Every structure is written in C-alpha cells, then in structure tokens.
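Visitor: Can you read through this structure? Questions will come right after.
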Amino acid sequence: MADATKRKKAVQETIEDAWVRILAMKNSDSDTEKLLAVKDAMETGVTGRHPSGVGKRFSKAEALRIYNDLRVMLREKTLREMVEKTPRNYFLITNEKLLARLIERLGEQTEVAVDTETTGVDVYTDVIVGISLTLPSVSIPPLAEKGIHVYIPVQHDEGEQLSRDYVLSELRGFLYDEGIGKVLHNAIFDIAMFRRHDYDLRGVTWDTMVAMHLLNENEPSFRLKDLAPKYLGVESDTFAELFGKTPFNEITLDIALVYAGKDTDLTWQLYQFQYVHFTQMPTVLEYFRTVEVPLLYVIVEMEANGYILDLDFAKEYGEQLATRAKELHAKLIGVLSKHHEGDAELNLNSGPQMKAALSKEIGKELPNMDAKKTLKPMARDFEVIADLLEYRKITKLSGTYIDALPTKQNPTTKRWHSRFNPIGTVTGRFSSGKDEEAADSNQFNVQNQPEDARKMFVAPPGKVLVSADFKAQEIRCTAYLSGEPVLIEAFEKGIDPYANMASMYYKRPYHEVNKLPSGEDTPERKAMKVVWLATLYGMSDFSLADMLGLKKPEATAFKEELFAGMPKLSAWLKENEEHVAKYGFVWADKQQRKRRLPDGKLKRKEIPFGKWNDPRYEENRKHNAKINRAMRQGTNARVQGSSAIQTKVTMIRAHEECKKREGWALWGTIHDELVFEIPEDFTREDIAVIERIMTQSYAWGTVANGTDIAIMKRWGKGMTPEDWFKQKEAA
DNA sequence: CGATACGGCCAC
DNA sequence: AAACGTGGCCGTATCG
C-alpha cells in the first residue's frame, strides 16, 4: 500500500518539482553544470525526456543520459558548422604538386607555427597522422587574410593524401633548417613525435605554453584551448569535446583541416600576443630564449633515454614486502577486529576505520592518524601502533613503487620513461609524473622515489650512473641574494655553513659543533639547520617551537638572537616581504623569472583584541591568512626559483657535453641534482668534466658552487670517485 | 564504474 | 584559524 502511494506520488511529480529535487542533491560541480545544461535544453525545447525514462519518475540518472545525447548532437552540429565556416586561407595538402608549392613557400618564411596530429599521446608508440603549419607572411592574392594555414594528412583512414615517409622526407630541409624558426604550443610533445619517426625538429624559437607560464605562472590551465578564448577572444573546443576518444586518423579530412589548421593559427596568434607582453620584460624574454627554449630539446632526450629496471630484484623485493605485510596484517586484524562492527573485515588502509579501532584498543581517542606527529611518539608504548606504522610503510612502498613501477614499461622502447615538466611548478622547478591528458599512460614521478625503490633502477650494461648534486644549493643561493657575510665567509673558507652559524651562535669552536666523526649531526648543528630551513620556508614561531621542543617565546628568542648575528640576511628577508606587499610579486635571480603573489598586496583586515575565535571574524582571518601565505612564499620563491634556474642552465651545459661524448647521456634531475650515465671505463678527467659542468655553468656572483659526486651501478647512495678508482686499481 | 575530494606520505 | 615552501600518487570515501 505504502509502495503504491509512493509510486502514485512519483508519477504526479512535475518536471519542475523534479528539477528542484535533483538540483538540491549533493552534486559535484561538473554534474551541476551538466544538469543545468539539460534543464536549459529541455525548457527551450531542444530536447525532451529520454526514451529510457518514459513512465518513470524523472531522475538525475536520466538527466545525465540526456546530457550525453545532447553532447553528441551538439558535437555533430559544432563539427558541421566548423566545416562550413572553414576559413578560406586554410588548405589541405594532399598531393605532390601542392606539397612542392608549400615547400617553396616555407623556404621564404622566417618563422612558422607547427603542430602534429597523432594517434595518441605515447610519443614512443603512437604515430603522426598529420602535420599542420601556419605560414604567417604568405598571402594568396584574392584573399584579404594574411597568412595561410595548412594541414598535411599522412595517415588518415579515408581521403586522398600523401604517405608520412614521403612528406617527412620532402619536409626534411624545412625541419632541419635552424634559420626557419618553429613556433609551437607544448613543443616537447611534437619534438618527441618527430624524433619517434627519426626526424629532428630543429630551430624551435617559441613555445607558447612555456611562454605563458613565464607571463603568468598562476594561470589555471595552459591548454591552448583554454588560453585562446581568454587572451585571443577565440572560442575553441578541446579534442575530447569534439572527438571524444576517436583517434585523429579516423576524422574525415574536412574536419581535420579546420581543427588542425586552427591549432597552428591560434598558436601563431598567441605568440603575437605574448611577444608584445615580453617586450615589457626583456630579462624574462632573454631567459626564455636562452634557457627555457633550448631546454626543451634536453628534456626530450632525457625522457627518451629512459630507465632500465631490475625486474628480478623488484619481484623478489616485492615478495619479501608482501610476506611481511601479510604477517602484519594478520597480527593487526587479530588485535583490532574486535573493535570493528559490520560484516566486512576491518580495512587496515582505511583512516576512519583504523582511527576508531585503534582509539578503542589503546583506550584514548586519537586526534588523527598522522604517522609522524601522532602515531610515532606512541609506537614505543603500543606494539599495535608500531605494527601499523610498519604495515603502512610497506604497503605504501609496494603499492606506489615496488609493485607499481614494473608494470610501467613502455611496450615499444622496453624502457621506463618519466616526464619532466619544466612548467609544472609555480617557482620554476620541474615537476615529474603523468601528463595532464595521459591518465592511462605509463609515465611516473621519478623525483619522489624513496631510497628503497631507487634500488630497482640500474645503469645500462657497460655504464654507470653518476649523480652530481649542487652542494647546499639553496643556502649558497641565499648567501648570494642576501649578501650575508656569515654565509659567504663559510663558503669562501669551504666550511659548513650550519656549523659556522652554530659556532657563532653558541660561541663555541667550529670543530665542536660540526658533524660528529660518524657523520651524525651535533645537536647544535641540527638546531641551526632546523631554524634555517624554518626561516627559508617562512615557518611560524609556533611550529618552530614544536619542532625544537621549546615553548613559543623561547623559539622566538632563539630565532631573533640567531638572526641578530646575521643583519644582512635579516634585512633581505624583510625586503622580500616589503616587495611582495608593495608590488605583489618577487624576482628570481637577475630578474629572469617572476613569482606573482597578488595576495601580498591585500590590506589586512582588523580583528579586535579578544575576537580571534569569534566566528563573525572568520572571513577576516581567512583574508589575513592569505596575506601571510604570500609573505612566506616570497622569500621561498626567490630561493627556489633561482636555484631552479641554476639547475636548468646546468642541464643545458651537461647535455651539450654529453652529445660530444660517446655513451654519455643525461639520466635525470631531482631539483638540486643531475644524474648522468657514462661508460664504466671513465677516467678521472671525466669526473673533473662533470665537476666543472656542475660548478661553472651558473655562478652565484662570487659565492662558489660545490658538488658531491657519486658513482653507482644501481641508483642509491653510490661511492666516491676516489673509492671507485681505488677499488678498480686494486682489482 | 567514473569523477571527485581528501588524508596521508614519498621527494627536494 | 592556521601554524612550512614546491610537487605527484595511492587508497578510501562518496556520489549517482
């Protein structure tokens, strides 16, 4: 009876009521957007109920089904319109005669926009199916538009076209001509695609994606399709919106022309727009042209070189970890399952479940499950916590690294390839990991491999890995930027800057506060390091106190006393904050890169004394927190950003050197470290070459650079070059 | 089963 | 209220 009533009620619900109900649900942003689009389409009569919904109550599921149909309709309409409106200066190049005429015109250009269309985003496996080019200075007399945009299909399923081999060989002169500048959006991808077909794309002069990052690192998206509407006023659909998962070779040529032609058209327009803005920042332009653009080639080579993993080792190690995890799992379940209700077994990987069970087991409520802060201090008193920590460490290690990496071998190259994204961070550092639109790719983050996972990475046969770090890179950078004598003198004397600070602060001899013979830190040196890093990262006195095990006033006093002994550094820190507050940005070294922190210019909002916790002032607190954050970011961005420049410049030099030497390659970079692979019969002079590359490619004024070099067959700690040679001579 | 958010944790 | 900067990835939770 109740059911019948419900059913009756449901039938009676009007569409209007249904919309109110559905939109009141807890919908994700993207769902809400879709639902509103459907509502609008239904109200304007574009669409009606979905066939599957006839006779049923109108549901969110039905609305989303309608959305999918609507999207297909819309897509077809958009594509039809795109083809109808194909600009008259867009041309398909489909035969020898047209290609020959194009090549003649290409020879007259000084700069050309280039883009490739491919079967997918695996640059080692997928292939080029078409090439688009924008020739900006070619005019076809009857047309008013200046410039032409061409698409050369080479492997579409249908339509008259030339073969890829023929087109590439005919274009060789153009591709290899450094005198014809190439302008691309995300050139790394296209350089790698040409490389995949054994062709170079030489003479890249501008990458609109990288340039955009220098113009505004806070840009929410660097996709051409997002930048074009924003900065050029040109609407643009993404590949996925237009074609879904259809590979480009299945797209008919009329559609391919208008889509691919638009890519280089927009890239060229964006270049023109960006160039005007760059003329306002000549130092940044110089940096872009001499560092970021040449670096693109280095990145492509480094990524393509790739990694070799010791799969036998990974398998054995993975099994060891699995065995131990199983033991710990059984033990933990034995102790904790009595605190867990429900049919399903207690899930040790579930934070909420474990927090509840553990709290009951130890008889007090845990605030959170943070390993470092909450659990580790209790591990000695509670075996169950020690076990859980070990279990979590092992499952993290195997789940993210030991078991996961072996599955990511590239099917074509049989190697493992990471991505190094030169615009992946706001400060200029590289990020590493998956591409934005390569969710199912084999790419992985090589910059956060823990020590135990690094053991899987081995040098290629007959080679060794040589890691070279910038010794105390960020401190030297700070010494240089601030001009602080205490730091500069330490580096001049070749002594440890932390120990030097400790000696000064504690008024004790340097050797007493430096590292112990075992290599361990003295408490004095360790404290200096903590305070130093805390300052660089803008840590509050509250957190500093927490880390040093002091009360807040003591931590404040400690910091103040230490920095009183380094007045230039203190003044520099203050200047950074003032600069952020006044201009809303800071400069990296030699004004090569900006870090824009617009929140720094906000005016602080008043919070009356005693009202800190008053919810009425929550907005004000959040507002002020944004300003505080910008202040912390300012100094950090100057140091991290300048250090990233040093690393990038050094990579270019390293790459040049590697090209000259048989068997040398750049293997990777981890922020303050470059890793080379070189033949294992290297000499002392070879090591001296690497030392010179590291210390002389980019100077911090008069502050000397330093490097520590290690030789390895397997990625990890390694041995010093001296030990390597001693061992070799002994054998 | 996909999309999204989040806690937690790996690196420098 | 937050309290340390820059990242990426895994597993769970949650939603429909």
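By convention in this document, the chains of the structure tokens carry letters A, B, ... by their order, each chain's residues are numbered from 1, and ligands are numbered from 1 in the order they are shown.
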How close does chain B get to chain A? List, as JSON lines, each residue of chain B within 8 Å, its nearest atom pair and the distance in Å to one decimal, counting only C-alpha atoms (C1' of nucleotides).

Guide:
{"residue": "B:DT4", "atom": "C1'", "partner": "A:Ser28", "partner_atom": "CA", "distance": 7.4}
{"residue": "B:DG7", "atom": "C1'", "partner": "A:Gly351", "partner_atom": "CA", "distance": 7.5}
{"residue": "B:DG8", "atom": "C1'", "partner": "A:Asp370", "partner_atom": "CA", "distance": 7.2}
{"residue": "B:DC10", "atom": "C1'", "partner": "A:Asn448", "partner_atom": "CA", "distance": 5.4}
{"residue": "B:DA11", "atom": "C1'", "partner": "A:Asn448", "partner_atom": "CA", "distance": 3.6}
{"residue": "B:DC12", "atom": "C1'", "partner": "A:His671", "partner_atom": "CA", "distance": 6.2}

Visitor: Report the residues of segment 146-187 of chain A whose backbone DSSP state falls under strand (DSSP E), written as a PyMOL selection string.

Guide: chain A and resi 148-153+181-184

Visitor: What would the file look like if the residues just selected were written as a PDB file, in the first residue's frame with N, CA, C and O atoms?

Guide:
ATOM      1  N   ILE A 148      48.722  31.804 -44.346  1.00  0.00           N
ATOM      2  CA  ILE A 148      47.943  30.609 -44.673  1.00  0.00           C
ATOM      3  C   ILE A 148      48.187  29.530 -43.627  1.00  0.00           C
ATOM      4  O   ILE A 148      49.225  29.517 -42.953  1.00  0.00           O
ATOM      5  N   HIS A 149      47.194  28.658 -43.518  1.00  0.00           N
ATOM      6  CA  HIS A 149      47.242  27.582 -42.536  1.00  0.00           C
ATOM      7  C   HIS A 149      46.967  26.284 -43.271  1.00  0.00           C
ATOM      8  O   HIS A 149      45.928  26.157 -43.923  1.00  0.00           O
ATOM      9  N   VAL A 150      47.926  25.366 -43.195  1.00  0.00           N
ATOM     10  CA  VAL A 150      47.759  24.141 -43.973  1.00  0.00           C
ATOM     11  C   VAL A 150      47.750  22.921 -43.064  1.00  0.00           C
ATOM     12  O   VAL A 150      48.325  22.926 -41.978  1.00  0.00           O
ATOM     13  N   TYR A 151      47.065  21.898 -43.558  1.00  0.00           N
ATOM     14  CA  TYR A 151      47.108  20.604 -42.880  1.00  0.00           C
ATOM     15  C   TYR A 151      47.533  19.553 -43.893  1.00  0.00           C
ATOM     16  O   TYR A 151      46.968  19.474 -44.987  1.00  0.00           O
ATOM     17  N   ILE A 152      48.543  18.792 -43.523  1.00  0.00           N
ATOM     18  CA  ILE A 152      49.052  17.734 -44.402  1.00  0.00           C
ATOM     19  C   ILE A 152      48.702  16.385 -43.770  1.00  0.00           C
ATOM     20  O   ILE A 152      49.402  15.925 -42.868  1.00  0.00           O
ATOM     21  N   PRO A 153      47.609  15.763 -44.199  1.00  0.00           N
ATOM     22  CA  PRO A 153      47.280  14.455 -43.641  1.00  0.00           C
ATOM     23  C   PRO A 153      48.261  13.430 -44.184  1.00  0.00           C
ATOM     24  O   PRO A 153      48.631  13.482 -45.362  1.00  0.00           O
ATOM     25  N   GLY A 181      62.477  29.643 -37.919  1.00  0.00           N
ATOM     26  CA  GLY A 181      62.051  29.432 -36.531  1.00  0.00           C
ATOM     27  C   GLY A 181      60.752  28.661 -36.481  1.00  0.00           C
ATOM     28  O   GLY A 181      59.869  28.845 -37.306  1.00  0.00           O
ATOM     29  N   LYS A 182      60.649  27.768 -35.490  1.00  0.00           N
ATOM     30  CA  LYS A 182      59.424  26.991 -35.317  1.00  0.00           C
ATOM     31  C   LYS A 182      58.736  27.444 -34.032  1.00  0.00           C
ATOM     32  O   LYS A 182      59.358  27.511 -32.967  1.00  0.00           O
ATOM     33  N   VAL A 183      57.446  27.734 -34.160  1.00  0.00           N
ATOM     34  CA  VAL A 183      56.653  28.187 -33.026  1.00  0.00           C
ATOM     35  C   VAL A 183      55.622  27.115 -32.706  1.00  0.00           C
ATOM     36  O   VAL A 183      54.863  26.718 -33.598  1.00  0.00           O
ATOM     37  N   LEU A 184      55.626  26.633 -31.479  1.00  0.00           N
ATOM     38  CA  LEU A 184      54.716  25.536 -31.125  1.00  0.00           C
ATOM     39  C   LEU A 184      54.057  25.780 -29.772  1.00  0.00           C
ATOM     40  O   LEU A 184      54.544  26.578 -28.965  1.00  0.00           O
TER      41      LEU A 184
END

Visitor: When DSSP is applied to the backbone of this structure, which of segment 336-453 of chain A are assigned helix (DSSP H, G or I)? Write them out as a PyMOL selection string.

Guide: chain A and resi 336-339+351-362+371-378+383-402+405-408+451-453

Visitor: Counting only C-alpha atoms (C1' of nucleotides), collect the residues of chain A whose closest atom lies at most 6 Å from chain C, and write them out as a list in words.

Guide: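 Residues passing the distance filter: Ser350, Ser431, Tyr537, Met539, Ser540, Ser543 and Asn636 of chain A.
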
Visitor: Would you save the residues of that selection, restricted to all heavy atoms, as a CSV table (one decimal), in the first residue's frame?

Guide:
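The resulting part25.csv:
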chain,number,residue,atom,x,y,z
A,350,SER,N,42.1,1.9,5.8
A,350,SER,CA,41.1,3.0,6.0
A,350,SER,C,41.4,3.8,7.2
A,350,SER,O,41.4,3.3,8.3
A,350,SER,CB,39.7,2.4,6.1
A,350,SER,OG,38.9,3.3,6.7
A,431,SER,N,58.3,19.6,-12.4
A,431,SER,CA,57.5,18.6,-11.8
A,431,SER,C,57.7,17.3,-12.6
A,431,SER,O,58.2,17.4,-13.7
A,431,SER,CB,56.0,18.9,-11.7
A,431,SER,OG,55.5,18.9,-13.0
A,537,TYR,N,61.4,28.6,4.7
A,537,TYR,CA,60.1,28.2,4.3
A,537,TYR,C,59.0,29.1,5.0
A,537,TYR,O,57.8,28.8,4.9
A,537,TYR,CB,59.8,26.8,4.7
A,537,TYR,CG,60.7,25.8,3.9
A,537,TYR,CD1,60.9,24.5,4.3
A,537,TYR,CD2,61.2,26.2,2.7
A,537,TYR,CE1,61.7,23.6,3.6
A,537,TYR,CE2,62.0,25.3,1.9
A,537,TYR,CZ,62.2,24.0,2.4
A,537,TYR,OH,63.0,23.2,1.7
A,539,MET,N,58.4,29.5,8.3
A,539,MET,CA,57.7,28.8,9.3
A,539,MET,C,57.4,29.8,10.5
A,539,MET,O,58.2,30.6,10.8
A,539,MET,CB,58.6,27.6,9.9
A,539,MET,CG,57.8,26.7,10.8
A,539,MET,SD,59.0,25.5,11.5
A,539,MET,CE,59.1,24.3,10.2
A,540,SER,N,56.2,29.5,11.1
A,540,SER,CA,55.8,30.4,12.2
A,540,SER,C,56.6,30.0,13.5
A,540,SER,O,57.1,28.8,13.6
A,540,SER,CB,54.4,30.2,12.5
A,540,SER,OG,54.1,28.9,13.0
A,543,SER,N,55.3,26.8,15.1
A,543,SER,CA,55.7,25.5,14.5
A,543,SER,C,57.2,25.2,14.8
A,543,SER,O,57.6,24.1,15.1
A,543,SER,CB,55.5,25.4,13.0
A,543,SER,OG,54.2,25.6,12.7
A,636,ASN,N,60.7,32.2,-0.2
A,636,ASN,CA,60.9,30.8,-0.8
A,636,ASN,C,61.0,30.8,-2.3
A,636,ASN,O,61.8,30.1,-2.9
A,636,ASN,CB,59.8,30.0,-0.3
A,636,ASN,CG,60.0,28.5,-0.7
A,636,ASN,OD1,59.4,28.1,-1.7
A,636,ASN,ND2,60.8,27.8,0.0

Visitor: Extract, using only C-alpha atoms (C1' of nucleotides), all DNA, RNA and protein residues at most 8 Å from segment 106-118 of chain A, discarding same-chain residues fewer than 5 positions from it, and format them as a count of residues only.

Guide: 31

Visitor: Expressed in Å to a single decimal, how great is the separation between atom CA of Met566 of chain A and atom CA of Val486 of chain A?

Guide: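 Computing it gives 6.6 Å between the two atoms.
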